[in-house]
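Structure data follow from work-v3.pdb (PDB, C-alpha atoms):
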```
MODEL        1
ATOM      1  CA  MET A 165       0.000   0.000   0.000  1.00  0.00           C
ATOM      2  CA  LYS A 166       2.907   2.362   0.714  1.00  0.00           C
ATOM      3  CA  TRP A 167       4.234   2.000  -2.834  1.00  0.00           C
ATOM      4  CA  LEU A 168       0.871   3.166  -4.156  1.00  0.00           C
ATOM      5  CA  LEU A 169       0.988   6.200  -1.867  1.00  0.00           C
ATOM      6  CA  VAL A 170       4.475   7.092  -3.096  1.00  0.00           C
ATOM      7  CA  PHE A 171       3.296   6.609  -6.668  1.00  0.00           C
ATOM      8  CA  MET A 172       0.322   8.952  -6.149  1.00  0.00           C
ATOM      9  CA  PHE A 173       2.421  11.803  -4.782  1.00  0.00           C
ATOM     10  CA  HIS A 174       5.141  11.207  -7.395  1.00  0.00           C
ATOM     11  CA  CYS A 175       2.518  11.499 -10.147  1.00  0.00           C
ATOM     12  CA  CYS A 176       1.153  14.650  -8.549  1.00  0.00           C
ATOM     13  CA  PHE A 177       4.542  16.374  -8.480  1.00  0.00           C
ATOM     14  CA  ASN A 178       5.306  15.342 -12.061  1.00  0.00           C
ATOM     15  CA  ILE A 179       1.939  16.599 -13.268  1.00  0.00           C
ATOM     16  CA  VAL A 180       2.352  19.945 -11.473  1.00  0.00           C
ATOM     17  CA  PHE A 181       5.811  20.288 -13.050  1.00  0.00           C
ATOM     18  CA  SER A 182       4.303  19.527 -16.474  1.00  0.00           C
ATOM     19  CA  LEU A 183       1.510  22.010 -15.819  1.00  0.00           C
ATOM     20  CA  GLN A 184       3.986  24.771 -15.048  1.00  0.00           C
ATOM     21  CA  PHE A 185       6.019  23.818 -18.128  1.00  0.00           C
ATOM     22  CA  PHE A 186       2.985  24.033 -20.425  1.00  0.00           C
ATOM     23  CA  ILE A 187       1.891  27.354 -18.965  1.00  0.00           C
ATOM     24  CA  ASN A 188       5.304  29.055 -18.909  1.00  0.00           C
ATOM     25  CA  THR A 189       6.935  27.817 -22.108  1.00  0.00           C
ATOM     26  CA  LYS A 190       4.084  26.758 -24.379  1.00  0.00           C
ATOM     27  CA  HIS A 191       1.637  29.473 -23.223  1.00  0.00           C
ATOM     28  CA  HIS A 192      -1.227  27.006 -22.753  1.00  0.00           C
ATOM     29  CA  PHE A 193      -3.121  28.904 -20.065  1.00  0.00           C
ATOM     30  CA  ARG A 194      -6.914  28.366 -20.231  1.00  0.00           C
ATOM     31  CA  THR A 195      -6.680  26.134 -23.311  1.00  0.00           C
ATOM     32  CA  GLY A 196      -7.893  22.907 -21.759  1.00  0.00           C
ATOM     33  CA  ILE A 197      -4.596  21.074 -21.313  1.00  0.00           C
ATOM     34  CA  ASP A 198      -3.839  23.029 -18.154  1.00  0.00           C
ATOM     35  CA  ASP A 199      -7.293  22.268 -16.745  1.00  0.00           C
ATOM     36  CA  CYS A 200      -6.816  18.560 -17.414  1.00  0.00           C
ATOM     37  CA  LEU A 201      -3.394  18.534 -15.746  1.00  0.00           C
ATOM     38  CA  LEU A 202      -4.711  20.507 -12.782  1.00  0.00           C
ATOM     39  CA  TYR A 203      -7.600  18.096 -12.260  1.00  0.00           C
ATOM     40  CA  MET A 204      -5.253  15.123 -12.485  1.00  0.00           C
ATOM     41  CA  ALA A 205      -2.862  16.667  -9.936  1.00  0.00           C
ATOM     42  CA  VAL A 206      -5.721  17.410  -7.549  1.00  0.00           C
ATOM     43  CA  PHE A 207      -7.072  13.878  -7.998  1.00  0.00           C
ATOM     44  CA  PHE A 208      -3.714  12.244  -7.284  1.00  0.00           C
ATOM     45  CA  THR A 209      -3.151  14.434  -4.215  1.00  0.00           C
ATOM     46  CA  ILE A 210      -6.567  13.726  -2.727  1.00  0.00           C
ATOM     47  CA  ALA A 211      -6.208  10.014  -3.549  1.00  0.00           C
ATOM     48  CA  GLY A 212      -2.877  10.059  -1.723  1.00  0.00           C
ATOM     49  CA  PHE A 213      -4.496  11.690   1.310  1.00  0.00           C
ATOM     50  CA  THR A 214      -7.214   9.044   1.205  1.00  0.00           C
ATOM     51  CA  LEU A 215      -4.570   6.314   1.199  1.00  0.00           C
ATOM     52  CA  ILE A 216      -2.765   7.953   4.137  1.00  0.00           C
ATOM     53  CA  THR A 217      -5.942   7.843   6.241  1.00  0.00           C
ATOM     54  CA  ASP A 218      -6.653   4.275   5.079  1.00  0.00           C
ATOM     55  CA  PHE A 219     -10.265   5.186   4.157  1.00  0.00           C
ATOM     56  CA  SER A 220     -11.147   5.512   7.829  1.00  0.00           C
ATOM     57  CA  SER A 221     -11.720   9.229   8.319  1.00  0.00           C
ATOM     58  CA  PRO A 222     -13.686  11.224   5.742  1.00  0.00           C
ATOM     59  CA  LYS A 223     -13.400  14.368   7.884  1.00  0.00           C
ATOM     60  CA  LEU A 224      -9.600  14.194   7.773  1.00  0.00           C
ATOM     61  CA  VAL A 225      -9.602  13.637   4.006  1.00  0.00           C
ATOM     62  CA  LEU A 226     -11.890  16.644   3.559  1.00  0.00           C
ATOM     63  CA  LEU A 227      -9.768  18.754   5.885  1.00  0.00           C
ATOM     64  CA  LEU A 228      -6.575  17.848   4.008  1.00  0.00           C
ATOM     65  CA  SER A 229      -8.228  18.371   0.615  1.00  0.00           C
ATOM     66  CA  ILE A 230      -9.482  21.891   1.259  1.00  0.00           C
ATOM     67  CA  PRO A 231      -6.035  23.620   1.157  1.00  0.00           C
ATOM     68  CA  VAL A 232      -5.073  21.688  -1.982  1.00  0.00           C
ATOM     69  CA  LEU A 233      -8.270  22.737  -3.739  1.00  0.00           C
ATOM     70  CA  ILE A 234      -7.993  26.348  -2.562  1.00  0.00           C
ATOM     71  CA  PHE A 235      -4.393  26.538  -3.783  1.00  0.00           C
ATOM     72  CA  GLY A 236      -5.376  25.073  -7.161  1.00  0.00           C
ATOM     73  CA  ALA A 237      -8.253  27.517  -7.509  1.00  0.00           C
ATOM     74  CA  TRP A 238      -6.127  30.490  -6.481  1.00  0.00           C
ATOM     75  CA  ARG A 239      -2.983  29.652  -8.455  1.00  0.00           C
ATOM     76  CA  TYR A 240      -4.642  28.623 -11.721  1.00  0.00           C
ATOM     77  CA  PHE A 241      -7.869  30.686 -11.516  1.00  0.00           C
ATOM     78  CA  ASP A 242     -10.063  27.642 -11.999  1.00  0.00           C
ATOM     79  CA  ARG A 243     -13.738  27.985 -11.136  1.00  0.00           C
ATOM     80  CA  PHE A 244     -14.450  24.246 -11.030  1.00  0.00           C
ATOM     81  CA  VAL A 245     -11.751  23.650  -8.421  1.00  0.00           C
ATOM     82  CA  ALA A 246     -13.075  26.636  -6.453  1.00  0.00           C
ATOM     83  CA  VAL A 247     -16.552  25.069  -6.449  1.00  0.00           C
ATOM     84  CA  LEU A 248     -15.039  21.761  -5.314  1.00  0.00           C
ATOM     85  CA  ALA A 249     -13.222  23.552  -2.472  1.00  0.00           C
ATOM     86  CA  PHE A 250     -16.459  25.229  -1.404  1.00  0.00           C
ATOM     87  CA  LEU A 251     -18.372  21.924  -1.515  1.00  0.00           C
ATOM     88  CA  CYS A 252     -15.588  20.239   0.429  1.00  0.00           C
ATOM     89  CA  LEU A 253     -15.788  22.926   3.090  1.00  0.00           C
ATOM     90  CA  LEU A 254     -19.582  22.674   3.286  1.00  0.00           C
ATOM     91  CA  THR A 255     -19.407  18.885   3.580  1.00  0.00           C
ATOM     92  CA  TYR A 256     -16.794  19.154   6.335  1.00  0.00           C
ATOM     93  CA  VAL A 257     -18.896  21.670   8.284  1.00  0.00           C
ATOM     94  CA  PHE A 258     -22.007  19.509   7.841  1.00  0.00           C
ATOM     95  CA  LEU A 259     -20.213  16.370   9.061  1.00  0.00           C
ATOM     96  CA  LEU A 260     -18.764  18.287  11.981  1.00  0.00           C
ATOM     97  CA  ALA A 261     -22.147  19.768  12.943  1.00  0.00           C
ATOM     98  CA  SER A 262     -24.043  16.507  12.614  1.00  0.00           C
ATOM     99  CA  GLY A 263     -21.623  14.555  14.783  1.00  0.00           C
ATOM    100  CA  PHE A 264     -20.875  12.081  12.012  1.00  0.00           C
ATOM    101  CA  ALA A 265     -19.079   8.976  13.212  1.00  0.00           C
ATOM    102  CA  TRP A 266     -17.560   6.540  10.752  1.00  0.00           C
ATOM    103  CA  GLU A 267     -18.780   3.052  11.605  1.00  0.00           C
ATOM    104  CA  ASN A 268     -16.267   0.216  11.250  1.00  0.00           C
TER     105      ASN A 268
ENDMDL
END
```
If you convert what's in this file into structure tokens, what do you get?
Amino acid sequence: MKWLLVFMFHCCFNIVFSLQFFINTKHHFRTGIDDCLLYMAVFFTIAGFTLITDFSSPKLVLLLSIPVLIFGAWRYFDRFVAVLAFLCLLTYVFLLASGFAWEN
């Protein structure tokens, strides 16, 4: 399981590097390729966080995902990622307010 976690974060860093390369050298900002790479990087990061928590704590996954989504929305001006960050925050607040307990 640890090799999969390392693979997820390795993919995330490579995709973010590729994203910066496409934006800075190829001038592909807001053309679609940068959105695809951003979504893949966010997916791999959140999947890595899910593997760290071993699927046992959705509140922790949401809490760790919010800064990643906010950074992606702020850095790349992406509305979809901003909506995901907002929904993540609302879900976290709802789970916190309802006293959600993950049953094993």
Next on the checklist: Please enumerate the residues selected by the PyMOL selection byres ((chain A and resi 223-229) around 9) when evaluated against the supplied file, formatted as a list in words.
Outcome noted: Val206, Thr209, Ile210, Phe213, Thr214, Ile216, Thr217, Phe219, Ser220, Ser221, Pro222, Ile230, Pro231, Val232, Leu233, Ile234, Ala249, Cys252, Leu253, Thr255, Tyr256, Leu259, Leu260 and Phe264 of chain A
Checklist entry - Any chance you could work out the residue set of the PyMOL selection byres ((chain A and resi 180-188) around 12) here, as JSON, numbers by chain? => result {"A": [173, 174, 175, 176, 177, 178, 179, 189, 190, 191, 192, 193, 194, 195, 196, 197, 198, 199, 200, 201, 202, 203, 204, 205, 206, 207, 208, 209, 236, 239, 240]}
Checklist entry - Which residue gives the smallest distance to Lys166 (chain A) among A:Leu248, A:Gly263, A:Gly212, A:Leu254, with all atoms listed in the file counted? => result A:Gly212
Checklist entry - Which distance in Å separates CA of Ala211 (chain A) and CA of Val170 (chain A), to one decimal? => result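 Result for CA of Ala211 (chain A) versus CA of Val170 (chain A): 11.1 Å, one decimal.
Take CA of Met172 (chain A) and CA of Ala237 (chain A): the distance between them is 20.5 Å.
Atom to atom, CA of Ser262 (chain A) and CA of Val247 (chain A) stand 22.2 Å apart.
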Edge lengths and centre in Å, axis-aligned, region 241-250 of chain A plus 3 Å each side, as AutoDock Vina command-line options:
```
--center_x -12.2 --center_y 26.2 --center_z -6.7 --size_x 14.7 --size_y 14.9 --size_z 16.6
```
Return region 227-242 of chain A, completed with N, CA and C atoms, as a PDB file, keeping the file's coordinate frame.
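Full text of part05.pdb as output:
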```
ATOM      1  N   LEU A 227     -10.588  17.690   5.299  1.00  0.00           N
ATOM      2  CA  LEU A 227      -9.768  18.754   5.885  1.00  0.00           C
ATOM      3  C   LEU A 227      -8.430  18.895   5.163  1.00  0.00           C
ATOM      4  N   LEU A 228      -7.831  17.787   4.747  1.00  0.00           N
ATOM      5  CA  LEU A 228      -6.575  17.848   4.008  1.00  0.00           C
ATOM      6  C   LEU A 228      -6.776  18.279   2.557  1.00  0.00           C
ATOM      7  N   SER A 229      -7.959  18.034   2.016  1.00  0.00           N
ATOM      8  CA  SER A 229      -8.228  18.371   0.615  1.00  0.00           C
ATOM      9  C   SER A 229      -8.533  19.846   0.404  1.00  0.00           C
ATOM     10  N   ILE A 230      -9.077  20.492   1.409  1.00  0.00           N
ATOM     11  CA  ILE A 230      -9.482  21.891   1.259  1.00  0.00           C
ATOM     12  C   ILE A 230      -8.306  22.797   0.890  1.00  0.00           C
ATOM     13  N   PRO A 231      -7.144  22.741   1.571  1.00  0.00           N
ATOM     14  CA  PRO A 231      -6.035  23.620   1.157  1.00  0.00           C
ATOM     15  C   PRO A 231      -5.511  23.318  -0.252  1.00  0.00           C
ATOM     16  N   VAL A 232      -5.518  22.052  -0.638  1.00  0.00           N
ATOM     17  CA  VAL A 232      -5.073  21.688  -1.982  1.00  0.00           C
ATOM     18  C   VAL A 232      -6.001  22.293  -3.022  1.00  0.00           C
ATOM     19  N   LEU A 233      -7.299  22.189  -2.801  1.00  0.00           N
ATOM     20  CA  LEU A 233      -8.270  22.737  -3.739  1.00  0.00           C
ATOM     21  C   LEU A 233      -8.233  24.267  -3.769  1.00  0.00           C
ATOM     22  N   ILE A 234      -8.074  24.883  -2.604  1.00  0.00           N
ATOM     23  CA  ILE A 234      -7.993  26.348  -2.562  1.00  0.00           C
ATOM     24  C   ILE A 234      -6.744  26.827  -3.289  1.00  0.00           C
ATOM     25  N   PHE A 235      -5.621  26.150  -3.080  1.00  0.00           N
ATOM     26  CA  PHE A 235      -4.393  26.538  -3.783  1.00  0.00           C
ATOM     27  C   PHE A 235      -4.557  26.377  -5.290  1.00  0.00           C
ATOM     28  N   GLY A 236      -5.161  25.277  -5.727  1.00  0.00           N
ATOM     29  CA  GLY A 236      -5.376  25.073  -7.161  1.00  0.00           C
ATOM     30  C   GLY A 236      -6.300  26.112  -7.756  1.00  0.00           C
ATOM     31  N   ALA A 237      -7.331  26.494  -7.017  1.00  0.00           N
ATOM     32  CA  ALA A 237      -8.253  27.517  -7.509  1.00  0.00           C
ATOM     33  C   ALA A 237      -7.591  28.884  -7.553  1.00  0.00           C
ATOM     34  N   TRP A 238      -6.783  29.188  -6.549  1.00  0.00           N
ATOM     35  CA  TRP A 238      -6.127  30.490  -6.481  1.00  0.00           C
ATOM     36  C   TRP A 238      -4.995  30.614  -7.491  1.00  0.00           C
ATOM     37  N   ARG A 239      -4.165  29.580  -7.598  1.00  0.00           N
ATOM     38  CA  ARG A 239      -2.983  29.652  -8.455  1.00  0.00           C
ATOM     39  C   ARG A 239      -3.337  29.619  -9.938  1.00  0.00           C
ATOM     40  N   TYR A 240      -4.324  28.809 -10.305  1.00  0.00           N
ATOM     41  CA  TYR A 240      -4.642  28.623 -11.721  1.00  0.00           C
ATOM     42  C   TYR A 240      -5.986  29.225 -12.120  1.00  0.00           C
ATOM     43  N   PHE A 241      -6.615  29.987 -11.240  1.00  0.00           N
ATOM     44  CA  PHE A 241      -7.869  30.686 -11.516  1.00  0.00           C
ATOM     45  C   PHE A 241      -8.919  29.763 -12.119  1.00  0.00           C
ATOM     46  N   ASP A 242      -9.127  28.628 -11.475  1.00  0.00           N
ATOM     47  CA  ASP A 242     -10.063  27.642 -11.999  1.00  0.00           C
ATOM     48  C   ASP A 242     -11.339  27.656 -11.172  1.00  0.00           C
TER      49      ASP A 242
END
```
